[in-house]
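This is query-v3.cif. It holds mmCIF, C-alpha atoms and all ligand atoms.
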data_data
loop_
_atom_site.label_atom_id
_atom_site.label_comp_id
_atom_site.auth_asym_id
_atom_site.auth_seq_id
_atom_site.Cartn_x
_atom_site.Cartn_y
_atom_site.Cartn_z
CA MET A 1 -9.93 -18.28 -10.56
CA THR A 2 -7.58 -17.97 -7.60
CA ALA A 3 -8.65 -16.20 -4.41
CA SER A 4 -6.38 -13.32 -5.35
CA PRO A 5 -6.37 -12.91 -9.14
CA CYS A 6 -3.18 -11.48 -10.62
CA ILE A 7 -3.59 -8.39 -12.78
CA LEU A 8 -0.90 -7.26 -15.23
CA LEU A 9 -0.52 -3.47 -15.32
CA THR A 10 1.34 -2.12 -18.33
CA GLY A 11 2.88 1.31 -17.83
CA ALA A 12 2.79 0.37 -14.15
CA ALA A 13 5.32 2.94 -12.94
CA GLY A 14 3.30 5.80 -14.41
CA TYR A 15 1.04 8.27 -12.69
CA ILE A 16 -2.38 6.60 -12.98
CA ALA A 17 -1.11 3.01 -12.93
CA SER A 18 0.87 3.46 -9.71
CA HIS A 19 -2.27 4.66 -7.92
CA THR A 20 -4.27 1.85 -9.49
CA TRP A 21 -1.65 -0.62 -8.28
CA LEU A 22 -2.40 0.35 -4.68
CA ALA A 23 -6.18 0.34 -5.21
CA LEU A 24 -6.00 -3.16 -6.69
CA GLN A 25 -3.90 -4.45 -3.81
CA GLU A 26 -6.33 -2.90 -1.36
CA ALA A 27 -9.16 -4.70 -3.15
CA GLY A 28 -7.33 -8.01 -2.72
CA PHE A 29 -5.77 -8.44 -6.16
CA THR A 30 -2.16 -9.41 -6.81
CA VAL A 31 -0.39 -6.99 -9.15
CA LEU A 32 2.40 -7.53 -11.66
CA GLY A 33 3.76 -4.40 -13.31
CA VAL A 34 5.67 -3.85 -16.54
CA ASP A 35 7.22 -0.56 -17.66
CA ASN A 36 10.22 0.66 -19.65
CA PHE A 37 10.41 3.94 -17.67
CA VAL A 38 10.20 6.05 -20.84
CA ASN A 39 8.10 8.52 -18.84
CA SER A 40 8.49 7.39 -15.23
CA SER A 41 11.03 6.55 -12.55
CA PRO A 42 11.97 3.20 -11.03
CA ASN A 43 11.94 5.02 -7.69
CA VAL A 44 8.16 4.66 -7.59
CA LEU A 45 8.56 0.93 -6.85
CA PRO A 46 10.05 1.19 -3.31
CA ARG A 47 7.36 3.78 -2.54
CA LEU A 48 4.65 1.33 -3.63
CA ARG A 49 6.19 -1.33 -1.37
CA GLU A 50 6.29 1.14 1.49
CA ILE A 51 2.65 2.25 1.15
CA GLY A 52 1.18 -1.10 0.14
CA GLY A 53 3.23 -3.24 2.54
CA GLN A 54 3.56 -5.93 -0.12
CA PRO A 55 6.27 -7.03 -2.54
CA THR A 56 6.18 -5.30 -5.95
CA HIS A 57 6.24 -7.90 -8.72
CA PHE A 58 7.73 -6.11 -11.69
CA VAL A 59 9.29 -6.71 -15.13
CA GLU A 60 11.27 -3.93 -16.77
CA GLY A 61 10.83 -3.69 -20.54
CA ASP A 62 8.95 -2.40 -23.55
CA VAL A 63 5.47 -3.77 -24.12
CA ARG A 64 6.08 -3.78 -27.86
CA ASP A 65 8.59 -6.59 -27.27
CA PRO A 66 6.76 -9.95 -27.26
CA ALA A 67 9.57 -11.51 -25.19
CA VAL A 68 8.99 -8.95 -22.42
CA LEU A 69 5.28 -9.78 -22.34
CA ASP A 70 5.93 -13.53 -22.39
CA ARG A 71 8.27 -12.98 -19.44
CA CYS A 72 5.40 -11.27 -17.58
CA PHE A 73 3.14 -14.28 -18.06
CA GLU A 74 5.99 -16.53 -16.88
CA VAL A 75 6.73 -14.42 -13.79
CA ALA A 76 3.02 -14.44 -12.95
CA ARG A 77 2.74 -18.23 -13.00
CA PRO A 78 3.75 -18.73 -9.34
CA LEU A 79 1.40 -15.83 -8.50
CA GLY A 80 -1.53 -17.81 -9.88
CA GLY A 81 -1.25 -16.65 -13.50
CA ILE A 82 -2.43 -13.43 -15.10
CA ARG A 83 -6.23 -13.16 -15.01
CA ALA A 84 -6.59 -9.78 -16.76
CA VAL A 85 -4.54 -6.90 -18.15
CA VAL A 86 -4.93 -3.18 -17.54
CA HIS A 87 -3.16 -1.47 -20.43
CA PHE A 88 -1.93 1.98 -19.39
CA ALA A 89 1.38 2.08 -21.29
CA ALA A 90 1.31 4.89 -23.82
CA LEU A 91 2.88 8.22 -24.69
CA LYS A 92 0.46 10.99 -23.80
CA ALA A 93 1.72 14.47 -24.68
CA VAL A 94 -0.58 16.02 -27.29
CA GLY A 95 1.97 18.59 -28.55
CA GLU A 96 4.74 16.01 -28.82
CA SER A 97 2.37 13.74 -30.75
CA VAL A 98 2.00 16.43 -33.41
CA GLU A 99 5.79 16.72 -33.67
CA ARG A 100 6.44 12.95 -33.66
CA PRO A 101 3.25 11.31 -34.96
CA LEU A 102 4.92 8.08 -36.04
CA ASP A 103 6.45 7.57 -32.60
CA TYR A 104 2.97 7.88 -31.12
CA PHE A 105 1.38 5.48 -33.60
CA GLU A 106 4.26 3.05 -33.13
CA ASN A 107 4.29 3.13 -29.34
CA ASN A 108 0.60 3.41 -28.57
CA LEU A 109 -0.87 1.25 -31.32
CA GLY A 110 2.13 -1.09 -31.60
CA GLY A 111 2.02 -1.52 -27.81
CA LEU A 112 -1.71 -2.25 -27.78
CA LEU A 113 -1.37 -4.80 -30.58
CA ALA A 114 1.54 -6.54 -28.88
CA VAL A 115 -0.40 -6.70 -25.60
CA CYS A 116 -3.47 -8.21 -27.29
CA GLN A 117 -1.32 -10.72 -29.16
CA ALA A 118 0.45 -11.78 -25.95
CA MET A 119 -2.89 -12.10 -24.15
CA GLN A 120 -4.20 -14.33 -26.92
CA ARG A 121 -1.04 -16.45 -26.85
CA HIS A 122 -1.58 -17.02 -23.14
CA GLY A 123 -5.35 -17.45 -23.24
CA VAL A 124 -6.25 -14.25 -21.36
CA PHE A 125 -9.06 -12.15 -22.83
CA ASP A 126 -10.10 -9.64 -20.16
CA LEU A 127 -8.63 -6.21 -20.83
CA VAL A 128 -9.06 -2.73 -19.40
CA PHE A 129 -7.97 -0.02 -21.84
CA SER A 130 -6.94 3.53 -20.88
CA SER A 131 -8.83 5.77 -23.25
CA SER A 132 -9.43 9.46 -22.92
CA ALA A 133 -12.05 12.17 -23.22
CA THR A 134 -9.87 13.33 -26.09
CA VAL A 135 -11.86 10.91 -28.31
CA TYR A 136 -14.80 13.35 -28.12
CA GLY A 137 -12.84 16.18 -29.75
CA GLU A 138 -14.80 19.43 -29.52
CA PRO A 139 -17.97 18.30 -27.72
CA GLU A 140 -21.30 19.19 -29.31
CA ARG A 141 -23.23 18.79 -26.07
CA LEU A 142 -22.38 18.95 -22.37
CA PRO A 143 -22.17 16.91 -20.23
CA ILE A 144 -20.65 14.36 -22.59
CA THR A 145 -22.34 10.97 -22.83
CA GLU A 146 -20.62 7.89 -24.22
CA ASP A 147 -22.73 7.95 -27.40
CA ALA A 148 -21.45 11.41 -28.39
CA PRO A 149 -19.71 11.61 -31.79
CA LEU A 150 -16.06 10.57 -31.71
CA ARG A 151 -13.27 12.43 -33.45
CA ALA A 152 -9.59 12.89 -32.89
CA THR A 153 -7.82 16.17 -33.48
CA ASN A 154 -4.20 15.11 -33.03
CA PRO A 155 -2.09 11.92 -33.33
CA TYR A 156 -2.33 11.18 -29.60
CA GLY A 157 -6.12 11.31 -29.82
CA GLN A 158 -6.01 9.20 -32.97
CA THR A 159 -4.11 6.48 -31.12
CA LYS A 160 -6.88 6.37 -28.50
CA LEU A 161 -9.66 6.40 -31.09
CA LEU A 162 -7.98 3.76 -33.25
CA GLY A 163 -7.18 1.75 -30.13
CA GLU A 164 -10.84 1.74 -29.13
CA GLU A 165 -11.85 0.71 -32.66
CA LEU A 166 -9.27 -2.04 -32.81
CA LEU A 167 -10.63 -3.46 -29.54
CA ARG A 168 -14.24 -3.21 -30.70
CA GLY A 169 -13.25 -5.05 -33.88
CA LEU A 170 -11.50 -7.74 -31.90
CA GLY A 171 -14.53 -8.27 -29.66
CA ALA A 172 -16.84 -8.41 -32.67
CA CYS A 173 -14.79 -11.22 -34.26
CA ASP A 174 -13.98 -13.24 -31.17
CA ALA A 175 -16.45 -13.48 -28.29
CA ARG A 176 -13.74 -14.51 -25.83
CA TRP A 177 -12.59 -10.89 -25.61
CA HIS A 178 -14.10 -8.67 -22.92
CA VAL A 179 -12.82 -5.12 -22.91
CA ALA A 180 -13.54 -2.26 -20.52
CA THR A 181 -12.77 0.96 -22.37
CA LEU A 182 -12.39 3.71 -19.79
CA ARG A 183 -12.50 7.29 -21.04
CA TYR A 184 -10.67 9.33 -18.42
CA PHE A 185 -11.40 13.00 -18.06
CA ASN A 186 -8.68 15.06 -16.28
CA PRO A 187 -6.85 12.99 -13.65
CA VAL A 188 -5.20 15.09 -10.93
CA GLY A 189 -4.18 14.84 -7.28
CA ALA A 190 -2.04 12.27 -5.55
CA HIS A 191 -2.17 9.44 -3.04
CA PRO A 192 -3.08 10.82 0.42
CA SER A 193 0.19 9.42 1.83
CA GLY A 194 2.05 12.08 -0.16
CA ARG A 195 4.54 9.38 -1.24
CA ILE A 196 3.45 8.99 -4.87
CA GLY A 197 2.02 11.47 -7.34
CA GLU A 198 2.42 12.96 -10.79
CA ASP A 199 6.04 13.64 -11.69
CA PRO A 200 6.15 15.17 -15.16
CA ARG A 201 9.45 15.51 -16.98
CA GLY A 202 10.40 19.03 -18.02
CA VAL A 203 7.74 21.72 -18.24
CA PRO A 204 4.34 20.27 -17.29
CA ASN A 205 1.78 20.31 -20.12
CA ASN A 206 -1.18 19.93 -17.81
CA LEU A 207 -2.74 22.48 -15.55
CA MET A 208 -2.51 21.02 -12.06
CA PRO A 209 1.15 19.92 -12.16
CA TYR A 210 2.01 23.36 -13.54
CA VAL A 211 0.06 25.10 -10.77
CA ALA A 212 1.78 22.82 -8.23
CA GLN A 213 5.20 23.90 -9.49
CA VAL A 214 4.19 27.55 -9.28
CA ALA A 215 2.94 27.04 -5.71
CA VAL A 216 6.21 25.37 -4.67
CA GLY A 217 8.23 28.22 -6.21
CA LYS A 218 9.72 26.36 -9.17
CA ARG A 219 7.95 28.59 -11.70
CA PRO A 220 7.05 32.26 -11.33
CA HIS A 221 3.42 32.21 -12.46
CA LEU A 222 0.71 30.24 -14.19
CA ASN A 223 -0.01 31.17 -17.80
CA VAL A 224 -3.77 31.01 -18.17
CA PHE A 225 -4.35 29.94 -21.76
CA GLY A 226 -7.29 32.10 -22.82
CA ASN A 227 -9.80 34.14 -20.82
CA ASP A 228 -12.25 34.79 -23.65
CA TYR A 229 -13.92 31.38 -23.85
CA ASP A 230 -17.67 31.06 -23.63
CA THR A 231 -17.50 29.88 -20.01
CA PRO A 232 -18.60 31.60 -16.76
CA ASP A 233 -15.22 33.29 -16.14
CA GLY A 234 -13.82 33.03 -19.69
CA THR A 235 -11.22 30.36 -18.85
CA GLY A 236 -11.29 26.71 -19.89
CA VAL A 237 -13.53 24.34 -17.96
CA ARG A 238 -12.57 20.70 -17.32
CA ASP A 239 -13.75 17.70 -15.34
CA TYR A 240 -10.88 17.14 -12.88
CA ILE A 241 -11.00 13.74 -11.23
CA HIS A 242 -8.94 12.61 -8.24
CA VAL A 243 -6.49 9.94 -9.37
CA CYS A 244 -7.57 7.71 -6.44
CA ASP A 245 -11.19 7.85 -7.63
CA LEU A 246 -9.94 6.96 -11.09
CA ALA A 247 -7.89 4.09 -9.65
CA GLU A 248 -11.00 2.73 -7.91
CA GLY A 249 -12.81 2.92 -11.25
CA HIS A 250 -10.35 0.34 -12.58
CA VAL A 251 -11.09 -2.00 -9.70
CA ALA A 252 -14.80 -1.64 -10.46
CA ALA A 253 -14.19 -2.26 -14.18
CA LEU A 254 -12.25 -5.47 -13.49
CA ARG A 255 -14.99 -6.71 -11.17
CA TYR A 256 -17.53 -5.99 -13.92
CA LEU A 257 -15.51 -7.91 -16.50
CA PHE A 258 -15.12 -10.91 -14.19
CA ALA A 259 -18.78 -10.96 -13.14
CA GLN A 260 -20.51 -10.00 -16.40
CA GLN A 261 -18.07 -11.32 -19.03
CA ARG A 262 -19.02 -8.54 -21.42
CA SER A 263 -17.43 -5.40 -22.77
CA LEU A 264 -18.29 -1.84 -21.87
CA THR A 265 -17.24 1.75 -22.57
CA VAL A 266 -17.64 4.35 -19.83
CA ASN A 267 -16.63 7.87 -18.96
CA LEU A 268 -14.65 8.21 -15.75
CA GLY A 269 -15.21 11.76 -14.57
CA THR A 270 -17.00 13.55 -11.77
CA GLY A 271 -19.60 15.29 -13.93
CA GLN A 272 -18.52 18.63 -12.46
CA GLY A 273 -16.58 21.19 -14.49
CA TYR A 274 -14.17 23.71 -12.94
CA SER A 275 -12.44 26.63 -14.65
CA VAL A 276 -8.72 27.31 -14.69
CA LEU A 277 -9.29 30.18 -12.26
CA GLN A 278 -11.35 28.03 -9.89
CA LEU A 279 -8.64 25.39 -9.84
CA ALA A 280 -5.86 27.94 -9.26
CA GLN A 281 -7.86 29.45 -6.37
CA ALA A 282 -8.54 26.06 -4.79
CA TYR A 283 -4.84 25.21 -5.08
CA GLY A 284 -3.93 28.50 -3.43
CA ARG A 285 -6.19 27.59 -0.50
CA ALA A 286 -4.59 24.14 -0.19
CA ALA A 287 -1.04 25.51 -0.36
CA GLY A 288 -1.75 28.49 1.90
CA ARG A 289 -0.42 30.88 -0.73
CA GLU A 290 -1.88 32.59 -3.74
CA VAL A 291 -0.96 31.19 -7.17
CA PRO A 292 0.28 34.11 -9.29
CA LEU A 293 -1.18 34.06 -12.78
CA VAL A 294 -0.85 35.83 -16.10
CA PHE A 295 -3.42 35.76 -18.88
CA ALA A 296 -1.94 34.36 -22.09
CA PRO A 297 -3.38 33.56 -25.54
CA ARG A 298 -5.47 30.44 -26.06
CA ARG A 299 -3.51 27.21 -26.54
CA ALA A 300 -3.98 25.71 -30.01
CA GLY A 301 -6.41 22.81 -30.06
CA ASP A 302 -8.01 23.53 -26.66
CA VAL A 303 -11.77 23.28 -26.24
CA ALA A 304 -13.74 25.73 -24.08
CA ALA A 305 -15.40 23.18 -21.83
CA CYS A 306 -15.34 19.43 -21.39
CA TYR A 307 -17.04 17.47 -18.64
CA ALA A 308 -18.52 14.03 -18.35
CA ASP A 309 -21.91 12.57 -17.81
CA PRO A 310 -20.68 9.82 -15.45
CA ALA A 311 -24.12 8.15 -15.08
CA GLN A 312 -23.20 5.09 -17.14
CA ALA A 313 -20.20 4.28 -14.95
CA HIS A 314 -22.46 4.47 -11.92
CA ALA A 315 -25.19 2.35 -13.49
CA LEU A 316 -22.87 -0.36 -14.81
CA LEU A 317 -19.99 -0.35 -12.35
CA GLY A 318 -21.62 1.02 -9.21
CA TRP A 319 -18.73 3.49 -9.22
CA ARG A 320 -18.75 7.22 -8.76
CA ALA A 321 -16.11 9.77 -7.81
CA THR A 322 -16.26 10.75 -4.15
CA ARG A 323 -13.38 13.23 -3.82
CA GLY A 324 -13.85 16.94 -4.51
CA LEU A 325 -11.64 19.71 -5.92
CA ASP A 326 -10.27 20.62 -2.48
CA ASP A 327 -9.21 16.99 -1.85
CA MET A 328 -7.48 16.95 -5.25
CA CYS A 329 -5.55 20.13 -4.43
CA VAL A 330 -4.69 19.18 -0.83
CA ASP A 331 -3.38 15.76 -1.90
CA SER A 332 -1.44 17.20 -4.85
CA TRP A 333 0.10 19.82 -2.57
CA ARG A 334 1.14 17.22 0.04
CA TRP A 335 2.98 15.31 -2.70
CA GLN A 336 4.44 18.40 -4.37
CA SER A 337 5.59 20.14 -1.19
CA THR A 338 7.23 17.06 0.32
CA ASN A 339 8.78 15.88 -2.98
CA PRO A 340 9.66 19.10 -4.81
CA GLY A 341 11.97 17.21 -7.16
CA GLY A 342 9.56 14.32 -7.74
CA PHE A 343 10.73 10.71 -7.40
CA ASP A 344 14.34 11.49 -8.20
CA SER A 345 14.79 14.14 -5.51
P1 LIG B 401 2.35 8.20 -17.56
O1 LIG B 401 3.24 8.67 -18.64
O2 LIG B 401 2.61 8.67 -16.17
O3 LIG B 401 2.29 6.61 -17.55
C1 LIG B 401 2.47 5.83 -18.71
C2 LIG B 401 3.54 4.80 -18.38
O4 LIG B 401 3.70 3.95 -19.52
C3 LIG B 401 4.90 5.42 -18.08
O5 LIG B 401 5.39 4.88 -16.88
C4 LIG B 401 5.77 5.00 -19.27
O6 LIG B 401 7.12 4.83 -18.90
C5 LIG B 401 5.09 3.72 -19.70
N1 LIG B 401 5.27 3.35 -21.11
C6 LIG B 401 4.99 4.10 -22.22
N2 LIG B 401 5.28 3.38 -23.32
C7 LIG B 401 5.73 2.17 -22.91
C8 LIG B 401 6.15 1.01 -23.59
N3 LIG B 401 6.20 0.95 -24.93
N4 LIG B 401 6.52 -0.06 -22.85
C9 LIG B 401 6.49 -0.03 -21.50
N5 LIG B 401 6.09 1.05 -20.80
C10 LIG B 401 5.70 2.14 -21.51
O7 LIG B 401 0.85 8.58 -17.99
P2 LIG B 401 -0.51 8.50 -17.18
O8 LIG B 401 -1.02 9.88 -17.02
O9 LIG B 401 -0.37 7.63 -16.00
O10 LIG B 401 -1.44 7.82 -18.28
C11 LIG B 401 -1.71 6.42 -18.27
C12 LIG B 401 -2.65 6.12 -19.43
O11 LIG B 401 -3.82 6.91 -19.29
C13 LIG B 401 -2.09 6.43 -20.81
O12 LIG B 401 -2.54 5.45 -21.70
C14 LIG B 401 -2.70 7.77 -21.13
O13 LIG B 401 -2.80 7.97 -22.52
C15 LIG B 401 -4.08 7.63 -20.49
N6 LIG B 401 -4.72 8.91 -20.17
C16 LIG B 401 -4.07 9.81 -19.36
C17 LIG B 401 -4.68 11.03 -19.09
C18 LIG B 401 -3.98 12.07 -18.25
O14 LIG B 401 -4.39 13.25 -18.32
N7 LIG B 401 -3.00 11.73 -17.43
C19 LIG B 401 -5.96 11.31 -19.60
C20 LIG B 401 -6.60 10.36 -20.37
C21 LIG B 401 -5.96 9.16 -20.65
N1 LIG B 402 -4.11 25.41 -18.94
C1 LIG B 402 -3.62 26.68 -18.65
N2 LIG B 402 -2.29 26.81 -18.38
C2 LIG B 402 -1.43 25.73 -18.38
C3 LIG B 402 -1.96 24.44 -18.66
C4 LIG B 402 -3.30 24.33 -18.95
O1 LIG B 402 -4.35 27.66 -18.66
O2 LIG B 402 -0.23 25.91 -18.13
C5 LIG B 402 -5.56 25.27 -19.20
C6 LIG B 402 -5.89 24.71 -20.56
O3 LIG B 402 -5.95 25.73 -21.51
C7 LIG B 402 -7.23 24.03 -20.28
C8 LIG B 402 -7.11 23.56 -18.82
O4 LIG B 402 -6.07 24.35 -18.26
O5 LIG B 402 -8.27 24.97 -20.34
C9 LIG B 402 -6.75 22.10 -18.67
O6 LIG B 402 -5.59 21.82 -19.44
P1 LIG B 402 -4.82 20.43 -19.32
O7 LIG B 402 -3.66 20.47 -20.27
O8 LIG B 402 -4.55 20.12 -17.89
O9 LIG B 402 -5.91 19.38 -19.79
P2 LIG B 402 -6.62 19.19 -21.20
O10 LIG B 402 -8.06 18.97 -20.90
O11 LIG B 402 -6.30 20.26 -22.16
O12 LIG B 402 -5.90 17.88 -21.73
C10 LIG B 402 -6.20 16.63 -21.13
C11 LIG B 402 -5.07 15.63 -21.36
C12 LIG B 402 -4.94 15.32 -22.81
C13 LIG B 402 -6.25 14.93 -23.38
C14 LIG B 402 -7.29 15.99 -23.09
C15 LIG B 402 -8.67 15.64 -23.57
O13 LIG B 402 -3.85 16.15 -20.88
O14 LIG B 402 -4.05 14.23 -22.94
O15 LIG B 402 -7.36 16.18 -21.68
O16 LIG B 402 -9.10 14.53 -22.88
F1 LIG B 402 -6.12 14.79 -24.72
#

Could you express the structure from this file as structure tokens?
Amino acid sequence: MTASPCILLTGAAGYIASHTWLALQEAGFTVLGVDNFVNSSPNVLPRLREIGGQPTHFVEGDVRDPAVLDRCFEVARPLGGIRAVVHFAALKAVGESVERPLDYFENNLGGLLAVCQAMQRHGVFDLVFSSSATVYGEPERLPITEDAPLRATNPYGQTKLLGEELLRGLGACDARWHVATLRYFNPVGAHPSGRIGEDPRGVPNNLMPYVAQVAVGKRPHLNVFGNDYDTPDGTGVRDYIHVCDLAEGHVAALRYLFAQQRSLTVNLGTGQGYSVLQLAQAYGRAAGREVPLVFAPRRAGDVAACYADPAQAHALLGWRATRGLDDMCVDSWRWQSTNPGGFDS
């Protein structure tokens, strides 16, 4: 192993990967990114150079294309060779996945398969996989532990569940594979520099980017999807986690894989649930203006409450989230208010 192992990030220009890129560099890793920009902007790359103060090694292309992945391994050779892969690249919009299920199966499962095949071709067997709390479906018990029953309720969720199973199967047949399956709860916030953050295309599906656009005046009000849930204030409760905490979780997972040479599956969440109203209020405090809201019907497929038991991640990785809801809102607002048009503004 070189002093500065090179990590391949797929989907590297995306929201979570771009923050992970910086966390990995800070931890002394070399990063090579690959992305086809299907849901991101190339303009993130100069920002990463600016914040990280290092060159951005990058290959543009689709991870389903074996030639693109072979090119990554080739580009990484002078960097010491790829030591592990963090596979973020995927389509992630639940509603869109119901409209275009085959595109989701093709991209998310086809991409995962192609990545594993390329890794095998090049003799690399350490993989971090971006999974999601969506694999728990409607939770039976809260907080959610990793041994909770798994079920997917939409094609996006199925790609994560099948992806996890595929990787478990691979590890069971071939002991060279070591996979860290990370089940993210609700990533929000932005890098404290305010230079990178979440930049959704079109109308945001997720709560915090929507609230951010209301606060900056792009949208008139937040539609609160349901206020009759069995939760303290009737609105949905989620485990929001600062994207920089999440990024550090990937560093911890890679260190675990390198040191332990064994697979693991962990929740990455804070363990604390907040309601839609609590988040909107916290955002209002961060932005110095109230977030106007309107109560709307429940959104199909939503669960009342979902939050992690993060104890396993702490026990195995020595990792825990350190940033609170106010940090998430302040950092999101810094990004949103200084980049109202996202990366392309
Ligand atoms: P994102 O859309 O910002 O990032 C994904 C990146 O992958 C994008 O840059 C996109 O262009 C790229 N990509 C997609 N398909 C590709 C392909 N075939 N080839 C090359 N690049 C491709 O999303 P994100 O929020 O950063 O999510 C990253 C990962 O985390 C995804 O796997 C997602 O399913 C998972 N995840 C996200 C959340 C969330 O709420 N953001 C929650 C749980 C899990
Ligand atoms: N919400 C609103 N108004 C909005 C958007 C969201 O009230 O405009 C509410 C939702 O009803 C929910 C909460 O805010 O109660 C959080 O919604 P998000 O869409 O931000 O997050 P979800 O937990 O519903 O979805 C996320 C990911 C999915 C993943 C799911 C389960 O976006 O990809 O977690 O892990 F499948």

Checklist entry - Within 6 Å of A:Asp35, counting only C-alpha atoms, which residues qualify if same-chain residues fewer than 4 places away don't, as a list in words? => result Gly11, Ala12, Glu60 and Gly61 of chain A

Please write out, as AutoDock Vina command-line options, where the centre of an axis-aligned box around all listed atoms of stretch 289-308 of chain A lies and how long its edges are, in Å to one decimal, after adding 5 Å on each side.
--center_x -9.1 --center_y 24.9 --center_z -15.4 --size_x 28.8 --size_y 31.8 --size_z 39.3

Counting only C-alpha atoms, what is within 8 Å of A:Asp245, bar same-chain residues fewer than 4 positions away, as a PDB file with C-alpha atoms, keeping the file's coordinate frame?
ATOM      1  CA  ILE A 241     -11.000  13.740 -11.230  1.00  0.00           C
ATOM      2  CA  GLY A 249     -12.810   2.920 -11.250  1.00  0.00           C
ATOM      3  CA  ARG A 320     -18.750   7.220  -8.760  1.00  0.00           C
ATOM      4  CA  ALA A 321     -16.110   9.770  -7.810  1.00  0.00           C
ATOM      5  CA  THR A 322     -16.260  10.750  -4.150  1.00  0.00           C
ATOM      6  CA  ARG A 323     -13.380  13.230  -3.820  1.00  0.00           C
TER       7      ARG A 323
END

Env of stretch 74-90 of chain A: 6 Å cut, atoms = only C-alpha atoms, seq-sep filter 2 positions within chain, self excluded. Answer as a list in words.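 With the cut-off at 6 Å, the set is Pro5, Cys6, Ile7, Leu8, Leu9, Thr10, Gly11, Arg71, Cys72, Asn108, Asp126, Leu127, Val128, Phe129 and Ser130 of chain A.
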
Using the selection just defined, write its residues with C-alpha atoms as an mmCIF file, in the coordinates of the input.
data_model
loop_
_atom_site.group_PDB
_atom_site.id
_atom_site.type_symbol
_atom_site.label_atom_id
_atom_site.label_comp_id
_atom_site.auth_asym_id
_atom_site.auth_seq_id
_atom_site.Cartn_x
_atom_site.Cartn_y
_atom_site.Cartn_z
ATOM 1 C CA PRO A 5 -6.370 -12.910 -9.140
ATOM 2 C CA CYS A 6 -3.180 -11.480 -10.620
ATOM 3 C CA ILE A 7 -3.590 -8.390 -12.780
ATOM 4 C CA LEU A 8 -0.900 -7.260 -15.230
ATOM 5 C CA LEU A 9 -0.520 -3.470 -15.320
ATOM 6 C CA THR A 10 1.340 -2.120 -18.330
ATOM 7 C CA GLY A 11 2.880 1.310 -17.830
ATOM 8 C CA ARG A 71 8.270 -12.980 -19.440
ATOM 9 C CA CYS A 72 5.400 -11.270 -17.580
ATOM 10 C CA ASN A 108 0.600 3.410 -28.570
ATOM 11 C CA ASP A 126 -10.100 -9.640 -20.160
ATOM 12 C CA LEU A 127 -8.630 -6.210 -20.830
ATOM 13 C CA VAL A 128 -9.060 -2.730 -19.400
ATOM 14 C CA PHE A 129 -7.970 -0.020 -21.840
ATOM 15 C CA SER A 130 -6.940 3.530 -20.880
#

Name each residue within 8 Å of ligand LIG 402 (chain B), counting all atoms listed in the file, as a ChimeraX atom specification.
/A:92-94,132-137,156-157,184-186,204-208,210-211,222-226,235-238,275-276,296,298-299,302-306

Counting only C-alpha atoms and all ligand atoms, figure out which residue out of A:His242, A:His57, A:Arg219, A:Arg195 gets nearest to ligand LIG 401 (chain B).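 Of A:His242, A:His57, A:Arg219, A:Arg195, the one nearest ligand LIG 401 (chain B) is A:His242, counting only C-alpha atoms and all ligand atoms.
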